[in-house]
>>> print(open('data00.cif').read())   # mmCIF, C-alpha atoms
data_coords
loop_
_atom_site.label_atom_id
_atom_site.label_comp_id
_atom_site.auth_asym_id
_atom_site.auth_seq_id
_atom_site.Cartn_x
_atom_site.Cartn_y
_atom_site.Cartn_z
CA MET A 33 -60.92 11.57 94.34
CA ASP A 34 -63.83 10.37 92.19
CA ILE A 35 -63.24 8.66 88.88
CA GLU A 36 -63.91 11.70 86.70
CA GLN A 37 -61.34 13.71 88.63
CA GLN A 38 -58.90 10.79 88.24
CA TYR A 39 -59.64 10.77 84.52
CA LEU A 40 -59.04 14.52 84.10
CA LYS A 41 -55.81 14.22 86.08
CA LEU A 42 -54.67 11.43 83.76
CA LEU A 43 -55.47 13.52 80.67
CA THR A 44 -53.31 16.30 82.11
CA LYS A 45 -50.51 13.83 82.84
CA ILE A 46 -50.55 12.51 79.27
CA LEU A 47 -50.41 16.01 77.78
CA LYS A 48 -47.50 16.87 80.06
CA ASN A 49 -45.47 13.65 80.02
CA GLY A 50 -46.76 11.62 77.07
CA VAL A 51 -44.31 10.28 74.50
CA GLN A 52 -45.05 11.11 70.89
CA LYS A 53 -45.71 7.87 69.01
CA LYS A 54 -46.77 6.81 65.55
CA ASP A 55 -49.80 4.56 65.28
CA ARG A 56 -51.89 2.45 62.93
CA THR A 57 -54.12 5.40 61.98
CA LYS A 58 -51.10 7.59 61.02
CA ILE A 59 -52.52 10.44 63.11
CA GLY A 60 -50.02 10.12 65.94
CA THR A 61 -50.51 10.15 69.70
CA TYR A 62 -49.16 11.34 73.01
CA SER A 63 -48.84 8.12 74.97
CA LEU A 64 -48.12 6.65 78.41
CA PHE A 65 -48.09 3.00 79.45
CA GLY A 66 -49.84 1.34 82.38
CA GLU A 67 -52.44 3.46 84.19
CA GLN A 68 -55.43 2.73 86.42
CA LEU A 69 -58.74 4.37 87.38
CA ARG A 70 -61.03 3.13 90.16
CA HIS A 71 -64.65 3.81 91.05
CA ASP A 72 -66.98 2.67 93.81
CA LEU A 73 -70.14 1.90 91.87
CA SER A 74 -72.31 2.63 94.90
CA GLU A 75 -71.27 6.29 94.59
CA GLY A 76 -72.94 6.98 91.26
CA PHE A 77 -72.93 5.86 87.66
CA PRO A 78 -69.64 6.95 86.00
CA LEU A 79 -71.05 8.76 83.00
CA PHE A 80 -68.67 11.69 82.79
CA THR A 81 -70.06 15.19 83.12
CA THR A 82 -67.33 17.45 81.69
CA LYS A 83 -68.75 16.61 78.28
CA LYS A 84 -71.99 14.91 77.34
CA VAL A 85 -71.51 11.18 76.80
CA HIS A 86 -74.00 9.44 74.51
CA LEU A 87 -75.67 6.89 76.79
CA LYS A 88 -77.99 5.51 74.10
CA SER A 89 -74.99 4.26 72.12
CA ILE A 90 -73.42 2.73 75.23
CA ILE A 91 -76.54 0.77 76.17
CA HIS A 92 -77.33 -0.45 72.66
CA GLU A 93 -73.71 -1.47 72.01
CA LEU A 94 -73.64 -3.48 75.26
CA LEU A 95 -76.93 -5.21 74.42
CA TRP A 96 -75.53 -5.91 70.94
CA PHE A 97 -72.41 -7.49 72.48
CA LEU A 98 -74.56 -9.68 74.72
CA LYS A 99 -76.46 -10.91 71.67
CA GLY A 100 -73.17 -12.19 70.23
CA ASP A 101 -74.01 -10.36 67.04
CA THR A 102 -71.45 -9.86 64.27
CA ASN A 103 -73.56 -7.54 62.11
CA ILE A 104 -74.40 -3.89 62.86
CA GLN A 105 -78.00 -4.13 61.65
CA TYR A 106 -79.34 -4.01 65.24
CA LEU A 107 -77.31 -0.86 65.89
CA LYS A 108 -78.49 0.79 62.68
CA GLU A 109 -82.11 -0.01 63.54
CA ASN A 110 -81.58 1.90 66.78
CA ASN A 111 -79.76 4.83 65.16
CA VAL A 112 -76.38 3.97 66.65
CA SER A 113 -73.56 4.60 64.20
CA ILE A 114 -70.42 3.97 66.29
CA TRP A 115 -69.44 0.80 64.38
CA ASN A 116 -70.25 2.02 60.88
CA GLU A 117 -66.62 2.77 59.98
CA TRP A 118 -65.51 -0.79 60.63
CA ALA A 119 -68.35 -2.75 59.03
CA ASP A 120 -68.09 -4.16 55.53
CA ASN A 121 -70.71 -3.54 52.84
CA THR A 122 -72.96 -6.21 54.36
CA GLY A 123 -72.73 -4.73 57.85
CA CYS A 124 -70.43 -7.46 59.17
CA VAL A 125 -67.62 -6.67 61.65
CA GLY A 126 -66.36 -10.21 62.03
CA LYS A 127 -65.98 -12.31 65.16
CA MET A 128 -65.46 -9.45 67.57
CA TYR A 129 -66.46 -8.70 71.17
CA GLY A 130 -69.95 -10.15 71.40
CA TYR A 131 -69.10 -13.25 69.42
CA GLN A 132 -66.06 -13.92 71.60
CA TRP A 133 -68.04 -13.26 74.79
CA THR A 134 -70.90 -15.62 73.97
CA LYS A 135 -70.20 -17.94 71.03
CA ALA A 136 -66.51 -18.57 70.33
CA ASN A 137 -65.52 -22.23 70.47
CA GLY A 138 -69.09 -23.09 71.42
CA LEU A 139 -68.66 -21.42 74.82
CA ASN A 140 -70.74 -18.65 76.39
CA GLN A 141 -68.14 -16.93 78.57
CA ILE A 142 -70.68 -14.50 80.02
CA GLN A 143 -72.94 -17.30 81.25
CA LYS A 144 -69.96 -19.21 82.61
CA ALA A 145 -68.83 -16.13 84.55
CA ILE A 146 -72.32 -15.70 86.01
CA ASP A 147 -72.44 -19.38 87.01
CA LEU A 148 -69.08 -19.02 88.78
CA ILE A 149 -70.24 -15.88 90.58
CA ARG A 150 -73.32 -17.72 91.81
CA HIS A 151 -71.77 -21.05 92.73
CA THR A 152 -68.02 -20.50 93.18
CA PRO A 153 -67.72 -16.81 94.11
CA ASP A 154 -64.17 -17.17 95.49
CA SER A 155 -62.87 -18.40 92.13
CA ARG A 156 -59.95 -16.49 90.64
CA ARG A 157 -61.02 -17.61 87.18
CA ILE A 158 -64.15 -15.48 86.66
CA ILE A 159 -62.72 -14.05 83.47
CA VAL A 160 -64.07 -13.15 80.04
CA SER A 161 -61.60 -12.63 77.19
CA ALA A 162 -62.17 -11.13 73.76
CA TRP A 163 -58.53 -11.66 72.73
CA ASN A 164 -58.83 -14.89 70.75
CA VAL A 165 -55.45 -15.13 69.01
CA ALA A 166 -56.66 -17.71 66.51
CA GLU A 167 -59.43 -15.42 65.24
CA LEU A 168 -57.87 -11.95 65.31
CA GLU A 169 -57.64 -11.99 61.51
CA ASN A 170 -61.40 -12.58 61.36
CA MET A 171 -62.17 -9.31 63.16
CA ALA A 172 -62.67 -5.90 61.56
CA LEU A 173 -60.76 -4.38 64.47
CA GLU A 174 -58.66 -6.22 67.01
CA PRO A 175 -60.28 -5.77 70.45
CA CYS A 176 -59.15 -2.78 72.50
CA HIS A 177 -60.76 -3.81 75.80
CA ILE A 178 -59.58 -7.37 75.76
CA LEU A 179 -60.27 -8.97 79.14
CA PHE A 180 -62.33 -8.47 82.28
CA GLN A 181 -62.40 -10.27 85.62
CA PHE A 182 -65.05 -10.34 88.34
CA TYR A 183 -64.32 -10.48 92.06
CA VAL A 184 -66.77 -11.22 94.88
CA ALA A 185 -66.08 -10.13 98.46
CA ASN A 186 -68.31 -9.12 101.38
CA GLY A 187 -71.41 -9.60 99.28
CA LYS A 188 -70.22 -7.14 96.63
CA LEU A 189 -69.35 -7.62 92.97
CA SER A 190 -66.35 -5.82 91.48
CA CYS A 191 -64.97 -5.88 87.95
CA GLN A 192 -61.55 -5.08 86.56
CA VAL A 193 -61.22 -4.51 82.84
CA TYR A 194 -57.92 -4.45 80.95
CA GLN A 195 -57.77 -2.27 77.86
CA ARG A 196 -54.67 -2.67 75.68
CA SER A 197 -55.27 0.45 73.56
CA CYS A 198 -57.00 3.44 75.09
CA ASP A 199 -58.30 6.43 73.14
CA MET A 200 -58.59 8.59 76.23
CA PHE A 201 -60.79 11.33 74.79
CA LEU A 202 -63.38 9.44 72.76
CA GLY A 203 -63.20 5.80 73.79
CA VAL A 204 -62.36 5.46 77.46
CA PRO A 205 -65.31 7.42 78.96
CA PHE A 206 -67.57 5.21 76.85
CA ASN A 207 -65.80 2.00 77.92
CA ILE A 208 -65.87 2.87 81.63
CA ALA A 209 -69.61 3.51 81.52
CA SER A 210 -70.24 0.31 79.54
CA TYR A 211 -68.37 -2.01 81.89
CA SER A 212 -69.90 -0.28 84.90
CA LEU A 213 -73.35 -0.98 83.48
CA LEU A 214 -72.48 -4.61 82.75
CA THR A 215 -71.24 -5.04 86.32
CA MET A 216 -74.44 -3.51 87.68
CA MET A 217 -76.56 -5.84 85.56
CA ILE A 218 -74.66 -8.94 86.69
CA ALA A 219 -74.73 -7.81 90.33
CA GLN A 220 -78.51 -7.52 90.11
CA ILE A 221 -79.11 -10.94 88.62
CA THR A 222 -76.73 -12.63 91.09
CA GLY A 223 -78.12 -10.85 94.15
CA LEU A 224 -74.94 -8.95 95.01
CA GLU A 225 -74.29 -5.37 96.05
CA LEU A 226 -72.11 -3.07 93.97
CA GLY A 227 -68.37 -3.08 94.47
CA GLU A 228 -65.74 -1.34 92.34
CA LEU A 229 -65.10 -0.84 88.66
CA ILE A 230 -61.34 -0.89 88.11
CA TRP A 231 -60.13 0.22 84.70
CA ALA A 232 -56.55 -0.73 83.76
CA GLY A 233 -55.05 0.79 80.63
CA GLY A 234 -52.06 -0.40 78.61
CA ASP A 235 -51.17 2.18 75.93
CA VAL A 236 -53.14 5.22 77.16
CA HIS A 237 -53.05 7.94 74.56
CA ILE A 238 -54.42 11.20 73.27
CA TYR A 239 -54.51 11.57 69.50
CA THR A 240 -52.71 14.65 68.23
CA ASN A 241 -55.92 15.91 66.62
CA HIS A 242 -57.76 15.70 69.97
CA VAL A 243 -55.43 17.95 71.98
CA LYS A 244 -57.55 21.08 71.64
CA GLN A 245 -60.68 19.20 72.71
CA VAL A 246 -58.88 17.58 75.67
CA LYS A 247 -57.67 20.96 76.90
CA GLU A 248 -61.22 22.29 76.73
CA GLN A 249 -62.53 19.32 78.72
CA ILE A 250 -59.81 19.66 81.37
CA SER A 251 -60.80 23.31 81.87
CA ARG A 252 -64.33 22.33 82.91
CA LYS A 253 -65.47 21.60 86.46
CA PRO A 254 -67.17 18.20 86.92
CA TYR A 255 -70.70 17.90 88.26
CA ALA A 256 -71.90 15.16 90.61
CA LEU A 257 -72.25 11.79 88.89
CA PRO A 258 -75.75 10.64 87.89
CA THR A 259 -77.44 7.46 89.07
CA MET A 260 -78.67 4.53 87.00
CA GLU A 261 -81.88 2.62 87.70
CA ILE A 262 -82.21 -0.90 86.25
CA ASN A 263 -85.49 -2.76 85.92
CA PRO A 264 -85.46 -4.98 89.07
CA LYS A 265 -87.65 -7.61 87.41
CA LYS A 266 -84.94 -8.68 85.00
CA ASN A 267 -82.96 -11.73 86.16
CA ASN A 268 -81.47 -12.98 82.88
CA ILE A 269 -78.48 -11.12 81.44
CA PHE A 270 -79.57 -11.92 77.88
CA GLU A 271 -83.12 -10.54 78.26
CA PHE A 272 -82.39 -6.91 79.06
CA GLU A 273 -83.81 -4.27 76.73
CA TYR A 274 -83.04 -0.60 76.25
CA SER A 275 -86.19 0.38 78.18
CA ASP A 276 -84.87 -1.42 81.28
CA PHE A 277 -82.45 1.42 82.02
CA LYS A 278 -83.19 4.88 83.39
CA LEU A 279 -80.54 7.53 84.02
CA LEU A 280 -81.30 10.07 86.72
CA ASN A 281 -79.82 13.49 87.48
CA TYR A 282 -77.32 13.65 84.63
CA LYS A 283 -76.08 17.24 84.69
CA HIS A 284 -73.36 17.74 82.14
CA HIS A 285 -71.42 20.27 80.09
CA LYS A 286 -72.05 20.44 76.35
CA SER A 287 -70.60 17.80 74.04
CA ILE A 288 -67.18 18.24 72.45
CA LYS A 289 -66.88 16.97 68.90
CA ALA A 290 -63.81 15.14 67.62
CA GLU A 291 -62.97 12.83 64.72
CA VAL A 292 -62.66 9.10 65.37
CA ALA A 293 -59.28 7.67 64.40
CA VAL A 294 -60.02 4.77 62.05
#
>>> encode(input="data00.cif", output="structure tokens")
Amino acid sequence: MDIEQQYLKLLTKILKNGVQKKDRTKIGTYSLFGEQLRHDLSEGFPLFTTKKVHLKSIIHELLWFLKGDTNIQYLKENNVSIWNEWADNTGCVGKMYGYQWTKANGLNQIQKAIDLIRHTPDSRRIIVSAWNVAELENMALEPCHILFQFYVANGKLSCQVYQRSCDMFLGVPFNIASYSLLTMMIAQITGLELGELIWAGGDVHIYTNHVKQVKEQISRKPYALPTMEINPKKNNIFEFEYSDFKLLNYKHHKSIKAEVAV
């Protein structure tokens, strides 16, 4: 079963068995705890097809994270609005994902992970964490995808990401594609083949105001996954640009609009 089929099956499971819970946004959710999705990255780029997923936002957000930026100006310059709701009037979102990945405590966790992959590939410590307890109060939004770990075996690079809070309709398809792309980029610069993307979710939920949209998505039949081409000349994770990525054969159903829970 490919990852989109796994995803649709999980949506159905949440609608059927999810517990009604209150949440920070006061919208309410149907929720389950502790789920997993897996994808062999050699079998296509997991940009889901049962609704159109906005790849431009995914790529620019990832490049923004890798810059360690704490201001949304770069995103605004590229017409990406996904962080607008959380930025203050100066565009600042605080010491969130990118800052924690590349700058917190004077440490570049991304570079350290790459160095371990290259020189100590059997390490069980190839981990990047955005959950910096001492700085949570300095973030506009506490991280949802909080930790990811790389694993090298048989010349292949795999990545497992742990997401504590999972907006299954709007957020998770975006997050799966983003971490898949990051894994592909790091595999390229370290000379490894593609392994798996494993997504592990803590509180997996559907907001009560997304139920109609989820049911519509579940009713659709998935198409074959597209493929992603990455500029083979790039060998530094911090030098990628938007033009270095080309998506091929993305056949998809129309987009489904829904309000973001803020």
>>> closest_residue(input="data00.cif", among="A:Lys289, A:His86, A:Lys244, A:Arg56", to="Glu174 in chain A", atoms="all atoms listed in the file")
A:Arg56
>>> closest_residue(input="data00.cif", among="A:Ser74, A:Gln105, A:Ser161, A:Thr122", to="Thr259 in chain A", atoms="all atoms listed in the file")
A:Ser74
>>> resolve_selection(input="data00.cif", expression="the PyMOL selection byres ((chain A and resi 194) around 7)", output="list in words")
His177, Ile178, Leu179, Phe180, Gln192, Val193, Gln195, Arg196, Trp231, Ala232 and Gly233 of chain A
>>> atom_distance(input="data00.cif", atom1="CA of Tyr106 in chain A", atom2="CA of Gly130 in chain A")
12.8 Å
>>> closest_residue(input="data00.cif", among="A:Glu291, A:Ser190, A:Ala145, A:Ser63", to="Gly50 in chain A", atoms="only C-alpha atoms")
A:Ser63
>>> resolve_selection(input="data00.cif", expression="the PyMOL selection byres ((chain A and resi 201) around 8)", output="list of chain:residue names")
A:Asp199, A:Met200, A:Leu202, A:Gly203, A:Val204, A:Pro205, A:Ile238, A:His242, A:Val246
>>> closest_residue(input="data00.cif", among="A:Cys176, A:Ile149, A:Ile218, A:Leu279", to="Pro258 in chain A", atoms="all atoms listed in the file")
A:Leu279
>>> residues_around(input="data00.cif", residues="Trp118 in chain A", least_positions_apart="2", cutoff="12 Å", atoms="only C-alpha atoms", output="list in words")
Thr102, Asn103, Ile104, Ser113, Ile114, Trp115, Asn116, Asp120, Asn121, Thr122, Gly123, Cys124, Val125, Gly126, Met128, Met171, Ala172, Leu173, Glu174, Val292, Ala293 and Val294 of chain A
>>> atom_distance(input="data00.cif", atom1="CA of Tyr282 in chain A", atom2="CA of Asn263 in chain A")
18.4 Å
>>> closest_residue(input="data00.cif", among="A:Ala290, A:Leu87, A:Asn267, A:Lys54", to="Val243 in chain A", atoms="all atoms listed in the file")
A:Ala290
>>> atom_distance(input="data00.cif", atom1="CA of Phe206 in chain A", atom2="CA of Ile90 in chain A")
6.6 Å
>>> resolve_selection(input="data00.cif", expression="the PyMOL selection byres ((chain A and resi 252) around 9)", output="ChimeraX atom specification")
/A:82-83,248-251,253-254,285
>>> closest_residue(input="data00.cif", among="A:Ser210, A:Asn137, A:Gln52, A:Gln143", to="Ser89 in chain A", atoms="all atoms listed in the file")
A:Ser210
>>> residues_around(input="data00.cif", residues="range 37-43 of chain A", least_positions_apart="3", cutoff="7 Å", atoms="all atoms listed in the file", output="ChimeraX atom specification")
/A:33-34,46-47,69,250
>>> residues_around(input="data00.cif", residues="Gly227 in chain A", least_positions_apart="5", cutoff="6 Å", atoms="only C-alpha atoms", output="count of residues only")
5
>>> build_atoms(input="data00.cif", residues="range 140-169 of chain A", atoms="N, CA and C atoms", output="CSV table (one decimal), in the frame of the given file")
chain,number,residue,atom,x,y,z
A,140,ASN,N,-70.2,-19.9,76.0
A,140,ASN,CA,-70.7,-18.6,76.4
A,140,ASN,C,-70.0,-18.2,77.6
A,141,GLN,N,-69.0,-17.4,77.4
A,141,GLN,CA,-68.1,-16.9,78.6
A,141,GLN,C,-68.9,-16.1,79.6
A,142,ILE,N,-69.9,-15.3,79.1
A,142,ILE,CA,-70.7,-14.5,80.0
A,142,ILE,C,-71.5,-15.4,81.0
A,143,GLN,N,-72.2,-16.4,80.4
A,143,GLN,CA,-72.9,-17.3,81.2
A,143,GLN,C,-72.0,-18.1,82.2
A,144,LYS,N,-70.9,-18.5,81.7
A,144,LYS,CA,-70.0,-19.2,82.6
A,144,LYS,C,-69.5,-18.3,83.8
A,145,ALA,N,-69.2,-17.1,83.5
A,145,ALA,CA,-68.8,-16.1,84.6
A,145,ALA,C,-69.9,-16.0,85.6
A,146,ILE,N,-71.2,-15.8,85.1
A,146,ILE,CA,-72.3,-15.7,86.0
A,146,ILE,C,-72.5,-17.0,86.9
A,147,ASP,N,-72.3,-18.1,86.3
A,147,ASP,CA,-72.4,-19.4,87.0
A,147,ASP,C,-71.4,-19.5,88.1
A,148,LEU,N,-70.2,-19.0,87.8
A,148,LEU,CA,-69.1,-19.0,88.8
A,148,LEU,C,-69.4,-18.0,89.9
A,149,ILE,N,-69.9,-16.9,89.6
A,149,ILE,CA,-70.2,-15.9,90.6
A,149,ILE,C,-71.3,-16.4,91.5
A,150,ARG,N,-72.2,-17.2,91.0
A,150,ARG,CA,-73.3,-17.7,91.8
A,150,ARG,C,-72.9,-18.9,92.7
A,151,HIS,N,-72.1,-19.8,92.1
A,151,HIS,CA,-71.8,-21.0,92.7
A,151,HIS,C,-70.4,-21.2,93.3
A,152,THR,N,-69.4,-20.4,92.7
A,152,THR,CA,-68.0,-20.5,93.2
A,152,THR,C,-67.5,-19.1,93.2
A,153,PRO,N,-68.1,-18.2,94.1
A,153,PRO,CA,-67.7,-16.8,94.1
A,153,PRO,C,-66.3,-16.5,94.5
A,154,ASP,N,-65.6,-17.4,95.1
A,154,ASP,CA,-64.2,-17.2,95.5
A,154,ASP,C,-63.2,-17.6,94.4
A,155,SER,N,-63.7,-18.0,93.2
A,155,SER,CA,-62.9,-18.4,92.1
A,155,SER,C,-62.0,-17.2,91.6
A,156,ARG,N,-60.8,-17.5,91.3
A,156,ARG,CA,-60.0,-16.5,90.6
A,156,ARG,C,-60.0,-16.6,89.1
A,157,ARG,N,-60.9,-17.4,88.6
A,157,ARG,CA,-61.0,-17.6,87.2
A,157,ARG,C,-62.3,-17.1,86.6
A,158,ILE,N,-62.9,-16.1,87.2
A,158,ILE,CA,-64.2,-15.5,86.7
A,158,ILE,C,-63.7,-14.4,85.6
A,159,ILE,N,-63.4,-14.9,84.5
A,159,ILE,CA,-62.7,-14.0,83.5
A,159,ILE,C,-63.4,-14.2,82.1
A,160,VAL,N,-63.6,-13.1,81.4
A,160,VAL,CA,-64.1,-13.2,80.0
A,160,VAL,C,-63.0,-12.5,79.2
A,161,SER,N,-62.6,-13.2,78.1
A,161,SER,CA,-61.6,-12.6,77.2
A,161,SER,C,-62.1,-12.5,75.8
A,162,ALA,N,-61.8,-11.3,75.2
A,162,ALA,CA,-62.2,-11.1,73.8
A,162,ALA,C,-61.0,-11.3,72.9
A,163,TRP,N,-59.8,-11.6,73.5
A,163,TRP,CA,-58.5,-11.7,72.7
A,163,TRP,C,-58.3,-13.1,72.3
A,164,ASN,N,-59.0,-13.5,71.3
A,164,ASN,CA,-58.8,-14.9,70.8
A,164,ASN,C,-57.8,-14.9,69.6
A,165,VAL,N,-56.6,-15.3,69.9
A,165,VAL,CA,-55.4,-15.1,69.0
A,165,VAL,C,-55.8,-15.8,67.7
A,166,ALA,N,-56.4,-16.9,67.7
A,166,ALA,CA,-56.7,-17.7,66.5
A,166,ALA,C,-57.6,-17.0,65.6
A,167,GLU,N,-58.4,-16.0,66.1
A,167,GLU,CA,-59.4,-15.4,65.2
A,167,GLU,C,-59.2,-13.9,65.1
A,168,LEU,N,-58.1,-13.4,65.5
A,168,LEU,CA,-57.9,-12.0,65.3
A,168,LEU,C,-58.0,-11.5,63.9
A,169,GLU,N,-57.6,-12.3,62.9
A,169,GLU,CA,-57.6,-12.0,61.5
A,169,GLU,C,-59.1,-12.0,61.0
